[in-house]
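Data from upload.cif: mmCIF, C-alpha atoms
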data_data
loop_
_atom_site.label_atom_id
_atom_site.label_comp_id
_atom_site.auth_asym_id
_atom_site.auth_seq_id
_atom_site.Cartn_x
_atom_site.Cartn_y
_atom_site.Cartn_z
CA TYR A 1 43.39 47.41 116.58
CA LYS A 2 42.91 48.99 113.22
CA ARG A 3 42.14 48.48 109.57
CA GLN A 4 44.19 50.71 107.23
CA THR A 5 46.69 53.40 108.16
CA LEU A 6 45.30 56.03 110.52
CA PRO A 7 46.68 58.14 113.39
CA ILE A 8 48.07 55.38 115.59
CA GLU A 9 49.52 58.11 117.82
CA ALA A 10 46.04 58.47 119.31
CA LEU A 11 45.91 54.78 120.18
CA LEU A 12 49.43 54.81 121.61
CA ALA A 13 48.70 57.95 123.65
CA ALA A 14 45.74 56.08 125.16
CA GLY A 15 48.00 53.20 126.20
CA LEU A 16 46.59 50.82 123.59
CA THR A 17 48.49 48.42 121.35
CA PRO A 18 47.69 48.97 117.66
CA VAL A 19 47.68 45.98 115.33
CA ASP A 20 47.47 46.57 111.60
CA LEU A 21 44.98 43.92 110.50
CA ASN A 22 46.30 43.96 106.93
CA ASN A 23 49.73 42.89 108.16
CA ALA A 24 48.31 40.45 110.71
CA PHE A 25 46.37 38.77 107.91
CA ILE A 26 49.15 38.51 105.33
CA ASN A 27 51.66 37.33 107.96
CA GLY A 28 49.23 34.89 109.58
CA PRO A 29 49.81 31.15 109.75
CA ASP A 30 47.06 30.28 107.25
CA THR A 31 45.67 33.03 105.03
CA GLU A 32 43.31 30.61 103.28
CA ALA A 33 41.77 29.68 106.63
CA ASP A 34 41.26 33.35 107.49
CA MET A 35 39.49 33.95 104.18
CA GLY A 36 37.52 30.74 104.59
CA ALA A 37 36.17 31.98 107.93
CA ALA A 38 34.61 34.93 106.12
CA GLU A 39 33.04 32.75 103.44
CA SER A 40 31.67 30.45 106.14
CA ALA A 41 30.12 33.52 107.79
CA GLY A 42 28.29 34.37 104.57
CA PHE A 43 30.69 36.75 102.81
CA PRO A 44 30.43 36.46 98.99
CA ARG A 45 33.26 34.51 97.35
CA SER A 46 33.64 37.37 94.85
CA MET A 47 34.47 39.86 97.61
CA CYS A 48 37.95 41.33 97.96
CA ALA A 49 40.22 38.72 99.52
CA TRP A 50 41.72 41.30 101.90
CA ILE A 51 38.35 42.07 103.48
CA GLN A 52 37.65 38.37 103.83
CA GLY A 53 41.05 37.79 105.37
CA ILE A 54 40.78 40.70 107.78
CA TYR A 55 37.43 39.41 109.04
CA GLY A 56 38.97 35.99 109.64
CA THR A 57 42.00 37.57 111.30
CA VAL A 58 39.79 39.45 113.76
CA LYS A 59 38.19 36.12 114.68
CA ARG A 60 41.50 34.27 114.90
CA LEU A 61 43.18 36.85 117.13
CA GLY A 62 40.20 37.29 119.43
CA ILE A 63 40.09 41.03 118.82
CA ARG A 64 37.12 42.86 120.33
CA ARG A 65 37.77 46.48 119.33
CA VAL A 66 38.38 47.63 115.77
CA VAL A 67 39.17 51.09 114.40
CA GLY A 68 38.45 51.44 110.70
CA VAL A 69 38.82 54.12 108.06
CA LEU A 70 35.30 54.99 106.91
CA GLN A 71 36.38 57.63 104.41
CA GLY A 72 39.64 57.47 102.54
CA ASP A 73 39.81 53.70 102.13
CA CYS A 74 36.99 51.77 100.41
CA SER A 75 33.31 51.01 100.82
CA TYR A 76 34.12 47.42 101.74
CA THR A 77 35.73 48.66 104.94
CA GLU A 78 32.54 50.43 105.94
CA GLY A 79 30.58 47.25 105.24
CA LEU A 80 33.02 45.21 107.30
CA MET A 81 32.63 47.58 110.22
CA ASP A 82 28.85 47.23 109.97
CA VAL A 83 29.15 43.45 110.13
CA LEU A 84 31.51 43.54 113.12
CA GLU A 85 29.30 45.98 114.99
CA HIS A 86 26.30 43.73 114.33
CA GLU A 87 28.26 40.82 115.78
CA GLY A 88 28.91 42.72 118.99
CA TYR A 89 32.37 44.15 118.37
CA GLU A 90 33.27 47.63 119.57
CA VAL A 91 33.97 49.67 116.45
CA THR A 92 35.32 53.17 115.97
CA GLY A 93 35.50 55.02 112.68
CA PHE A 94 38.03 57.52 111.42
CA ARG A 95 37.33 59.74 108.41
CA PHE A 96 40.01 61.37 106.34
CA PRO A 97 38.86 64.66 104.80
CA GLU A 98 37.68 64.38 101.20
CA ARG A 99 40.73 66.42 100.18
CA PRO A 100 43.87 67.54 102.03
CA ASP A 101 42.73 70.08 104.62
CA GLU A 102 44.72 70.68 107.80
CA GLU A 103 41.89 72.23 109.78
CA ARG A 104 39.57 69.32 109.08
CA MET A 105 42.37 66.85 109.75
CA ARG A 106 43.00 68.41 113.16
CA ASN A 107 39.29 68.07 113.96
CA GLU A 108 39.22 64.41 112.92
CA ILE A 109 42.34 63.56 114.94
CA THR A 110 40.89 65.40 117.95
CA ALA A 111 37.66 63.41 117.62
CA LEU A 112 39.56 60.11 117.37
CA ALA A 113 41.63 61.02 120.43
CA GLY A 114 38.44 61.87 122.33
CA ASN A 115 37.03 58.43 121.56
CA PHE A 116 39.97 56.98 123.49
CA GLY A 117 39.90 59.52 126.31
CA VAL A 118 43.01 61.49 125.42
CA SER A 119 43.63 65.07 124.26
CA PHE A 120 45.00 66.33 120.97
CA ASP A 121 48.07 67.58 122.85
CA ALA A 122 48.75 64.06 124.12
CA VAL A 123 48.56 62.77 120.55
CA GLN A 124 50.96 65.48 119.38
CA GLU A 125 53.38 64.50 122.16
CA LYS A 126 53.27 60.92 120.92
CA TYR A 127 53.99 62.20 117.40
CA GLU A 128 57.11 63.93 118.74
CA GLU A 129 58.20 60.71 120.46
CA LEU A 130 57.91 58.83 117.17
CA ARG A 131 59.68 61.47 115.07
CA PRO A 132 63.21 59.98 115.55
CA LEU A 133 61.91 56.56 114.54
CA ARG A 134 60.40 57.93 111.34
CA GLU A 135 63.65 59.77 110.63
CA LYS A 136 65.54 56.47 110.89
CA LEU A 137 63.06 54.83 108.53
CA ARG A 138 63.64 57.68 106.07
CA ALA A 139 67.38 57.02 106.24
CA ALA A 140 66.79 53.29 105.73
CA ASP A 141 64.70 54.04 102.64
CA GLU A 142 67.54 56.09 101.17
CA PHE A 143 70.05 53.33 101.94
CA ALA A 144 67.80 50.83 100.17
CA ALA A 145 67.63 53.06 97.09
CA GLU A 146 71.44 52.93 97.05
CA GLY A 147 71.39 49.12 97.19
CA ARG A 148 72.50 48.73 100.80
CA MET A 149 69.35 46.79 101.72
CA THR A 150 67.50 44.10 99.82
CA ASN A 151 64.08 44.69 98.29
CA ARG A 152 62.47 42.53 100.95
CA GLU A 153 64.37 44.08 103.87
CA ILE A 154 63.21 47.62 103.17
CA PHE A 155 59.67 46.51 102.28
CA GLU A 156 59.26 44.76 105.62
CA LEU A 157 60.73 47.69 107.57
CA LEU A 158 58.36 50.18 105.94
CA ILE A 159 55.18 48.11 105.76
CA ASN A 160 55.36 47.20 109.45
CA ALA A 161 55.79 50.86 110.36
CA SER A 162 52.03 51.21 109.98
CA ASP A 163 51.75 49.95 113.57
CA PHE A 164 55.41 49.41 114.61
CA ARG A 165 54.19 45.93 115.55
CA GLY A 166 52.57 47.56 118.57
CA ARG A 167 55.91 48.32 120.24
CA PRO A 168 57.60 51.47 118.90
CA ALA A 169 60.60 51.25 121.25
CA GLU A 170 61.41 47.73 120.10
CA TYR A 171 60.86 48.76 116.51
CA MET A 172 63.33 51.60 116.96
CA ASP A 173 65.94 49.02 118.00
CA LYS A 174 65.11 46.91 114.95
CA VAL A 175 65.47 49.84 112.56
CA SER A 176 68.68 51.03 114.25
CA LEU A 177 70.21 47.57 113.80
CA ALA A 178 69.16 47.48 110.15
CA LEU A 179 70.73 50.90 109.61
CA ALA A 180 73.99 49.84 111.25
CA ARG A 181 74.20 46.82 108.98
CA ALA A 182 73.37 48.87 105.90
CA GLU A 183 76.09 51.39 106.68
CA GLU A 184 78.66 48.58 106.58
CA ARG A 185 77.50 47.19 103.23
CA PRO A 186 78.75 48.40 99.89
CA PRO A 187 75.98 49.18 97.40
CA ALA A 188 74.85 45.96 95.71
CA PRO A 189 74.99 45.97 91.92
CA CYS A 190 71.78 45.91 89.91
CA VAL A 191 70.89 45.81 86.25
CA LEU A 192 67.72 47.87 86.52
CA LYS A 193 66.00 50.29 88.90
CA LEU A 194 62.22 50.10 89.20
CA ALA A 195 59.48 51.62 91.33
CA MET A 196 56.48 49.80 92.80
CA ALA A 197 53.11 51.57 92.86
CA GLY A 198 49.70 50.59 94.15
CA ILE A 199 48.65 48.76 97.27
CA PRO A 200 51.15 46.19 98.59
CA ALA A 201 51.13 43.21 96.24
CA ALA A 202 49.47 39.97 97.31
CA PHE A 203 52.32 38.12 95.56
CA THR A 204 54.31 36.80 98.49
CA ASP A 205 57.64 36.43 96.70
CA ILE A 206 57.62 39.34 94.25
CA TYR A 207 60.54 41.18 95.87
CA ASP A 208 62.74 38.10 95.84
CA PHE A 209 61.70 37.37 92.26
CA LEU A 210 62.64 40.85 91.06
CA GLU A 211 65.92 40.83 92.95
CA SER A 212 66.86 37.47 91.42
CA ARG A 213 66.53 39.21 88.01
CA GLY A 214 68.88 42.01 89.06
CA VAL A 215 66.11 44.52 89.77
CA ARG A 216 66.39 47.02 92.61
CA ILE A 217 63.17 48.59 93.87
CA VAL A 218 64.26 52.17 94.52
CA TYR A 219 60.80 53.45 95.43
CA ASN A 220 57.92 51.52 96.98
CA GLU A 221 54.94 53.85 97.02
CA MET A 222 52.51 52.46 99.59
CA PRO A 223 55.00 51.18 102.16
CA ALA A 224 56.70 54.59 102.04
CA GLU A 225 53.33 56.28 102.53
CA PHE A 226 52.36 53.97 105.39
CA ALA A 227 55.66 54.71 107.13
CA MET A 228 55.04 58.48 106.86
CA LEU A 229 58.56 59.20 105.63
CA ARG A 230 58.07 62.83 104.65
CA PRO A 231 59.23 65.37 107.26
CA ALA A 232 56.33 67.21 108.90
CA ARG A 233 56.07 69.97 111.46
CA ASP A 234 53.28 68.20 113.42
CA ILE A 235 50.87 65.30 113.32
CA VAL A 236 48.27 67.27 111.38
CA GLN A 237 50.64 67.90 108.48
CA GLN A 238 51.89 64.32 108.63
CA TYR A 239 48.46 62.83 107.96
CA THR A 240 47.36 65.61 105.61
CA GLU A 241 50.29 64.84 103.31
CA TYR A 242 49.62 61.10 103.39
CA THR A 243 48.39 60.59 99.82
CA TYR A 244 46.47 57.29 99.90
CA PRO A 245 43.10 58.61 101.19
CA TYR A 246 42.76 61.36 98.62
CA GLY A 247 42.17 61.69 94.88
CA PHE A 248 44.64 59.98 92.57
CA ARG A 249 46.17 63.25 91.41
CA HIS A 250 47.79 63.62 94.85
CA ARG A 251 49.32 60.16 94.57
CA MET A 252 50.34 60.78 90.96
CA GLU A 253 52.30 63.90 91.87
CA ARG A 254 54.20 62.04 94.60
CA ILE A 255 54.91 58.98 92.44
CA ARG A 256 56.14 61.05 89.50
CA GLN A 257 58.39 63.10 91.77
CA GLU A 258 59.98 60.07 93.43
CA VAL A 259 60.38 58.09 90.20
CA ARG A 260 62.28 61.00 88.71
CA ARG A 261 64.35 61.69 91.84
CA ARG A 262 65.40 58.06 92.27
CA GLY A 263 66.03 57.31 88.62
CA ALA A 264 63.53 54.48 88.19
CA ALA A 265 63.39 53.22 84.60
CA GLY A 266 59.85 51.90 84.96
CA VAL A 267 56.99 51.18 87.33
CA VAL A 268 55.40 47.93 88.45
CA HIS A 269 51.78 48.76 89.27
CA TYR A 270 49.88 46.26 91.40
CA VAL A 271 46.08 46.34 91.43
CA GLN A 272 43.82 44.18 93.56
CA THR A 273 41.06 42.22 91.86
CA PHE A 274 37.62 43.79 92.42
CA CYS A 275 39.18 47.05 93.74
CA TYR A 276 38.05 50.33 92.18
CA ARG A 277 41.62 51.63 92.36
CA GLY A 278 42.38 49.51 89.32
CA MET A 279 40.81 52.32 87.27
CA HIS A 280 43.78 54.48 88.23
CA ASP A 281 46.07 52.35 86.09
CA ARG A 282 45.32 54.39 82.98
CA LEU A 283 46.02 57.63 84.84
CA LEU A 284 49.33 56.28 86.08
CA ARG A 285 50.38 55.15 82.61
CA GLU A 286 49.54 58.51 81.10
CA GLY A 287 51.13 60.60 83.81
CA VAL A 288 54.20 58.95 85.31
CA GLY A 289 56.57 59.49 82.37
CA VAL A 290 58.15 55.98 82.30
CA PRO A 291 56.87 52.58 81.10
CA VAL A 292 54.44 50.73 83.39
CA VAL A 293 53.62 47.04 83.74
CA THR A 294 50.40 46.24 85.58
CA LEU A 295 49.96 43.14 87.71
CA GLU A 296 46.61 42.05 89.07
CA GLY A 297 46.23 39.70 92.01
CA ASP A 298 43.61 38.44 94.40
CA ARG A 299 44.65 36.07 97.16
CA PRO A 300 48.11 35.83 98.76
CA ALA A 301 50.20 33.51 96.60
CA PRO A 302 53.59 33.32 94.88
CA VAL A 303 54.09 35.10 91.57
CA SER A 304 52.28 33.07 88.92
CA ARG A 305 53.99 31.84 85.78
CA ARG A 306 51.92 34.30 83.75
CA GLU A 307 53.09 37.24 85.85
CA GLU A 308 56.67 35.99 85.79
CA THR A 309 56.57 36.06 81.99
CA ARG A 310 55.12 39.57 81.92
CA LEU A 311 57.70 40.88 84.40
CA GLU A 312 60.58 39.26 82.52
CA ALA A 313 59.38 40.76 79.24
CA PHE A 314 59.07 44.17 80.89
CA ILE A 315 62.58 43.96 82.33
CA GLU A 316 64.00 42.89 78.96
CA MET A 317 62.22 45.74 77.17
CA LEU A 318 63.60 48.33 79.58
CA LEU A 319 67.12 46.96 79.35
CA GLU A 320 66.98 47.15 75.59
CA ARG A 321 65.77 50.76 75.81
CA GLU A 322 68.66 51.66 78.10
CA GLN A 323 71.20 50.07 75.75
CA LYS A 324 70.01 52.00 72.71
CA PRO A 325 72.10 55.08 71.93
CA SER A 326 70.24 58.29 72.68
#

Translate this structure into structure tokens?
Amino acid sequence: YKRQTLPIEALLAAGLTPVDLNNAFINGPDTEADMGAAESAGFPRSMCAWIQGIYGTVKRLGIRRVVGVLQGDCSYTEGLMDVLEHEGYEVTGFRFPERPDEERMRNEITALAGNFGVSFDAVQEKYEELRPLREKLRAADEFAAEGRMTNREIFELLINASDFRGRPAEYMDKVSLALARAEERPPAPCVLKLAMAGIPAAFTDIYDFLESRGVRIVYNEMPAEFAMLRPARDIVQQYTEYTYPYGFRHRMERIRQEVRRRGAAGVVHYVQTFCYRGMHDRLLREGVGVPVVTLEGDRPAPVSRREETRLEAFIEMLLEREQKPS
């Protein structure tokens, strides 16, 4: 089991079933109950709702072993791992290098593999097994940018690729079926193309809301990163080029490139309440080259009326810009 995206190939090579605790929390039967379990255990109410929910999810699912990212995520994760270890859970840490560095990444992956009793070569073999699945996800992402998948369909395919729901072979079948359906669909019309940046939004209906306003999400930053869509020669390069753990300039370069390539007219930037990554909003606005609207959320919930109004105003502003003669 794991918290945050890390080399699941090591877990799979060891015969384990990875479960992304972020996804298990947000897709759970009662997210408020999961967060409430953390508050009952003494977690501050002001703490990030995701950390609270992940703690409750661990309890709800009866998980006993947790792998967490101790560098490249956030300090809350390290604190959560300390709490779980104190409570008797078996915890393992994974550290991304402070900056992209293939040699250090190889060493960290080798160390993680050793914790589970497998070799680096076994992990690389698992990477090769998963390569066709990631290639299919890349094709699905391109189909979605053309309008052959809905905003929600592609989001769910990519976000769940962080653990393949623990069963890569079954996930391959799911993606293959989605691709076959997409190939038969004509591109759906849209009035506006937007990109999504930032961690996955806590707003549970944001993709449906945007689609109902004629908006197509042509690039979804974090789900695309979690799915590891970029071609790589080996597992070391795959995780070295994963932008989330590193300084914002690495993310900014990728976002700017994809926004331009896919023709997005603007960016919806989601920031989580109490998360330090909210400070990156200014950097995104100054560097991406298109207008940005920033949404802030805390607990999983539908889009609020306030955020609906802000999104609708943003969409209207962009449409007016596009209609003006150049």

### Task
Determine the residue membership of the PyMOL selection byres ((chain A and resi 241) around 12) for the file above and supply it as number ranges by chain.
A: 96-97, 99-102, 105, 225-226, 228-240, 242-246, 250-251, 253-254

### Task
Check what the PyMOL selection byres ((chain A and resi 316-320) around 8) selects in the file above and give those residues as a list of chain:residue names.
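Applied to this file, the PyMOL selection byres ((chain A and resi 316-320) around 8) selects A:Val191, A:Leu192, A:Ala265, A:Gly266, A:Glu312, A:Ala313, A:Phe314, A:Ile315, A:Arg321, A:Glu322, A:Gln323, A:Lys324.
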
What are the closest atom pairs, with distances in Å to one decimal, for each residue of stretch 101-152 of chain A lying within 8 Å of stretch 5-16 of chain A, using all atoms listed in the file, rows by chain and rising residue number, as JSON lines?
{"residue": "A:Ile109", "atom": "CA", "partner": "A:Pro7", "partner_atom": "CA", "distance": 7.1}
{"residue": "A:Leu112", "atom": "CA", "partner": "A:Ala10", "partner_atom": "CA", "distance": 7.0}
{"residue": "A:Ala113", "atom": "CA", "partner": "A:Ala10", "partner_atom": "CA", "distance": 5.2}
{"residue": "A:Phe116", "atom": "CA", "partner": "A:Ala14", "partner_atom": "CA", "distance": 6.1}
{"residue": "A:Gly117", "atom": "CA", "partner": "A:Ala14", "partner_atom": "CA", "distance": 6.9}
{"residue": "A:Val118", "atom": "CA", "partner": "A:Ala14", "partner_atom": "CA", "distance": 6.1}
{"residue": "A:Ala122", "atom": "CA", "partner": "A:Ala13", "partner_atom": "CA", "distance": 6.1}
{"residue": "A:Val123", "atom": "CA", "partner": "A:Ala10", "partner_atom": "CA", "distance": 5.1}
{"residue": "A:Gln124", "atom": "CA", "partner": "A:Glu9", "partner_atom": "CA", "distance": 7.7}
{"residue": "A:Lys126", "atom": "CA", "partner": "A:Glu9", "partner_atom": "CA", "distance": 5.6}
{"residue": "A:Tyr127", "atom": "CA", "partner": "A:Glu9", "partner_atom": "CA", "distance": 6.1}

#### Entry: Given all atoms listed in the file as the counted atoms, nearest of A:Ala169, A:Leu130, A:Arg299, A:Met81 to A:Gly36
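With all atoms listed in the file as the atom set, the closest residue is A:Arg299.
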
### Task
Evaluate the PyMOL selection byres ((chain A and resi 134) around 10) here and jot the selected residues down as a PyMOL selection string.
chain A and resi 127+129-133+135-140+158+161+172+175+227-231

#### Entry: Option closest in space to A:Lys193, from A:Arg64, A:Arg45, A:Arg152, A:Arg213 [counting only C-alpha atoms]
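Checking each of A:Arg64, A:Arg45, A:Arg152, A:Arg213 against A:Lys193, counting only C-alpha atoms, the winner is A:Arg213.
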
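Near A:Glu286, within 12 Å and counting only C-alpha atoms, sit A:Arg249, A:Met252, A:Arg256, A:His280, A:Asp281, A:Arg282, A:Val290, A:Pro291, A:Val292; same-chain residues fewer than 4 positions away were not included.
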
### Query
In terms of the shortest atom-to-atom distance over all atoms listed in the file, which of A:Ile51, A:Cys74, A:Val69, A:Leu177 is closest to A:Phe94?
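Among the listed residues, A:Val69 lies closest to A:Phe94.
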
### Message
Using all atoms listed in the file, can you tell me which of A:Ile159, A:Ala33, A:Ala197, A:Ala41 comes closest to A:Glu87?
### Response
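Smallest distance to A:Glu87 is found for A:Ala41.
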
### Query
When you draw a straight line from atom CA of A:Asp208 to atom CA of A:Phe155, how long is it in Å?
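We find that atom CA of A:Asp208 and atom CA of A:Phe155 lie 11.0 Å from each other.
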
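When atom CA of A:Arg277 is paired with atom CA of A:Asp82, their separation reads 22.2 Å.
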
### Query
So how many Å separate atom CA of A:Gly79 and atom CA of A:Phe43, to one decimal?
10.8 Å

### Among the residues A:Ala180, A:Leu311, A:Ala24, A:Ala38, the one that comes closest to A:Leu194 [using all atoms listed in the file]
A:Leu311

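Close contacts of A:Arg261, defined as residues with an atom at most 10 Å away when counting all atoms listed in the file, with chain neighbours fewer than 4 positions off set aside, comprise Val218, Tyr219, Ile255, Arg256 and Gln257 of chain A.
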
Would it be fine to have stretch 236-258 of chain A, with N, CA, C and O atoms, given as a PDB file, in the first residue's frame?
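Saved result, decode.pdb, follows:
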ATOM      1  N   VAL A 236      14.273   4.109 -14.521  1.00  0.00           N
ATOM      2  CA  VAL A 236      14.981   5.231 -13.914  1.00  0.00           C
ATOM      3  C   VAL A 236      14.582   6.538 -14.592  1.00  0.00           C
ATOM      4  O   VAL A 236      14.247   7.529 -13.929  1.00  0.00           O
ATOM      5  N   GLN A 237      14.593   6.548 -15.911  1.00  0.00           N
ATOM      6  CA  GLN A 237      14.193   7.759 -16.624  1.00  0.00           C
ATOM      7  C   GLN A 237      12.723   8.073 -16.381  1.00  0.00           C
ATOM      8  O   GLN A 237      12.342   9.241 -16.244  1.00  0.00           O
ATOM      9  N   GLN A 238      11.891   7.055 -16.293  1.00  0.00           N
ATOM     10  CA  GLN A 238      10.457   7.279 -16.094  1.00  0.00           C
ATOM     11  C   GLN A 238      10.199   8.086 -14.827  1.00  0.00           C
ATOM     12  O   GLN A 238       9.432   9.067 -14.844  1.00  0.00           O
ATOM     13  N   TYR A 239      10.836   7.697 -13.720  1.00  0.00           N
ATOM     14  CA  TYR A 239      10.582   8.393 -12.465  1.00  0.00           C
ATOM     15  C   TYR A 239      11.426   9.657 -12.314  1.00  0.00           C
ATOM     16  O   TYR A 239      11.060  10.546 -11.544  1.00  0.00           O
ATOM     17  N   THR A 240      12.509   9.765 -13.050  1.00  0.00           N
ATOM     18  CA  THR A 240      13.292  10.996 -13.023  1.00  0.00           C
ATOM     19  C   THR A 240      12.545  12.118 -13.733  1.00  0.00           C
ATOM     20  O   THR A 240      12.623  13.288 -13.328  1.00  0.00           O
ATOM     21  N   GLU A 241      11.804  11.782 -14.775  1.00  0.00           N
ATOM     22  CA  GLU A 241      11.077  12.791 -15.532  1.00  0.00           C
ATOM     23  C   GLU A 241       9.678  13.061 -14.996  1.00  0.00           C
ATOM     24  O   GLU A 241       8.947  13.894 -15.539  1.00  0.00           O
ATOM     25  N   TYR A 242       9.303  12.391 -13.941  1.00  0.00           N
ATOM     26  CA  TYR A 242       8.050  12.660 -13.238  1.00  0.00           C
ATOM     27  C   TYR A 242       8.225  13.979 -12.487  1.00  0.00           C
ATOM     28  O   TYR A 242       9.087  14.099 -11.628  1.00  0.00           O
ATOM     29  N   THR A 243       7.436  14.998 -12.786  1.00  0.00           N
ATOM     30  CA  THR A 243       7.756  16.354 -12.336  1.00  0.00           C
ATOM     31  C   THR A 243       7.311  16.679 -10.914  1.00  0.00           C
ATOM     32  O   THR A 243       7.872  17.576 -10.279  1.00  0.00           O
ATOM     33  N   TYR A 244       6.307  16.014 -10.397  1.00  0.00           N
ATOM     34  CA  TYR A 244       5.683  16.424  -9.132  1.00  0.00           C
ATOM     35  C   TYR A 244       6.651  16.537  -7.954  1.00  0.00           C
ATOM     36  O   TYR A 244       6.520  17.454  -7.145  1.00  0.00           O
ATOM     37  N   PRO A 245       7.641  15.646  -7.797  1.00  0.00           N
ATOM     38  CA  PRO A 245       8.478  15.717  -6.596  1.00  0.00           C
ATOM     39  C   PRO A 245       9.506  16.844  -6.595  1.00  0.00           C
ATOM     40  O   PRO A 245      10.134  17.086  -5.563  1.00  0.00           O
ATOM     41  N   TYR A 246       9.692  17.501  -7.723  1.00  0.00           N
ATOM     42  CA  TYR A 246      10.807  18.420  -7.842  1.00  0.00           C
ATOM     43  C   TYR A 246      10.347  19.882  -7.784  1.00  0.00           C
ATOM     44  O   TYR A 246       9.170  20.181  -7.606  1.00  0.00           O
ATOM     45  N   GLY A 247      11.291  20.802  -7.933  1.00  0.00           N
ATOM     46  CA  GLY A 247      10.971  22.219  -7.905  1.00  0.00           C
ATOM     47  C   GLY A 247       9.959  22.603  -8.967  1.00  0.00           C
ATOM     48  O   GLY A 247       9.838  21.956 -10.015  1.00  0.00           O
ATOM     49  N   PHE A 248       9.221  23.690  -8.700  1.00  0.00           N
ATOM     50  CA  PHE A 248       8.110  24.049  -9.585  1.00  0.00           C
ATOM     51  C   PHE A 248       8.561  24.339 -11.005  1.00  0.00           C
ATOM     52  O   PHE A 248       7.789  24.167 -11.951  1.00  0.00           O
ATOM     53  N   ARG A 249       9.788  24.770 -11.193  1.00  0.00           N
ATOM     54  CA  ARG A 249      10.219  25.101 -12.555  1.00  0.00           C
ATOM     55  C   ARG A 249      10.131  23.888 -13.482  1.00  0.00           C
ATOM     56  O   ARG A 249       9.896  24.042 -14.691  1.00  0.00           O
ATOM     57  N   HIS A 250      10.316  22.672 -12.927  1.00  0.00           N
ATOM     58  CA  HIS A 250      10.203  21.475 -13.752  1.00  0.00           C
ATOM     59  C   HIS A 250       8.748  21.249 -14.171  1.00  0.00           C
ATOM     60  O   HIS A 250       8.472  20.894 -15.321  1.00  0.00           O
ATOM     61  N   ARG A 251       7.827  21.474 -13.229  1.00  0.00           N
ATOM     62  CA  ARG A 251       6.408  21.374 -13.566  1.00  0.00           C
ATOM     63  C   ARG A 251       6.022  22.460 -14.559  1.00  0.00           C
ATOM     64  O   ARG A 251       5.291  22.208 -15.516  1.00  0.00           O
ATOM     65  N   MET A 252       6.503  23.681 -14.334  1.00  0.00           N
ATOM     66  CA  MET A 252       6.133  24.813 -15.178  1.00  0.00           C
ATOM     67  C   MET A 252       6.513  24.565 -16.629  1.00  0.00           C
ATOM     68  O   MET A 252       5.731  24.836 -17.546  1.00  0.00           O
ATOM     69  N   GLU A 253       7.691  24.028 -16.847  1.00  0.00           N
ATOM     70  CA  GLU A 253       8.137  23.751 -18.210  1.00  0.00           C
ATOM     71  C   GLU A 253       7.204  22.751 -18.892  1.00  0.00           C
ATOM     72  O   GLU A 253       6.823  22.934 -20.051  1.00  0.00           O
ATOM     73  N   ARG A 254       6.825  21.701 -18.175  1.00  0.00           N
ATOM     74  CA  ARG A 254       5.930  20.685 -18.738  1.00  0.00           C
ATOM     75  C   ARG A 254       4.541  21.263 -18.997  1.00  0.00           C
ATOM     76  O   ARG A 254       3.940  21.018 -20.054  1.00  0.00           O
ATOM     77  N   ILE A 255       4.002  22.006 -18.057  1.00  0.00           N
ATOM     78  CA  ILE A 255       2.661  22.589 -18.228  1.00  0.00           C
ATOM     79  C   ILE A 255       2.641  23.522 -19.430  1.00  0.00           C
ATOM     80  O   ILE A 255       1.751  23.450 -20.281  1.00  0.00           O
ATOM     81  N   ARG A 256       3.605  24.417 -19.493  1.00  0.00           N
ATOM     82  CA  ARG A 256       3.655  25.389 -20.594  1.00  0.00           C
ATOM     83  C   ARG A 256       3.741  24.675 -21.938  1.00  0.00           C
ATOM     84  O   ARG A 256       3.061  25.045 -22.910  1.00  0.00           O
ATOM     85  N   GLN A 257       4.559  23.639 -22.003  1.00  0.00           N
ATOM     86  CA  GLN A 257       4.724  22.888 -23.250  1.00  0.00           C
ATOM     87  C   GLN A 257       3.414  22.239 -23.679  1.00  0.00           C
ATOM     88  O   GLN A 257       3.022  22.315 -24.851  1.00  0.00           O
ATOM     89  N   GLU A 258       2.718  21.603 -22.745  1.00  0.00           N
ATOM     90  CA  GLU A 258       1.495  20.883 -23.090  1.00  0.00           C
ATOM     91  C   GLU A 258       0.336  21.834 -23.372  1.00  0.00           C
ATOM     92  O   GLU A 258      -0.500  21.565 -24.244  1.00  0.00           O
TER      93      GLU A 258
END
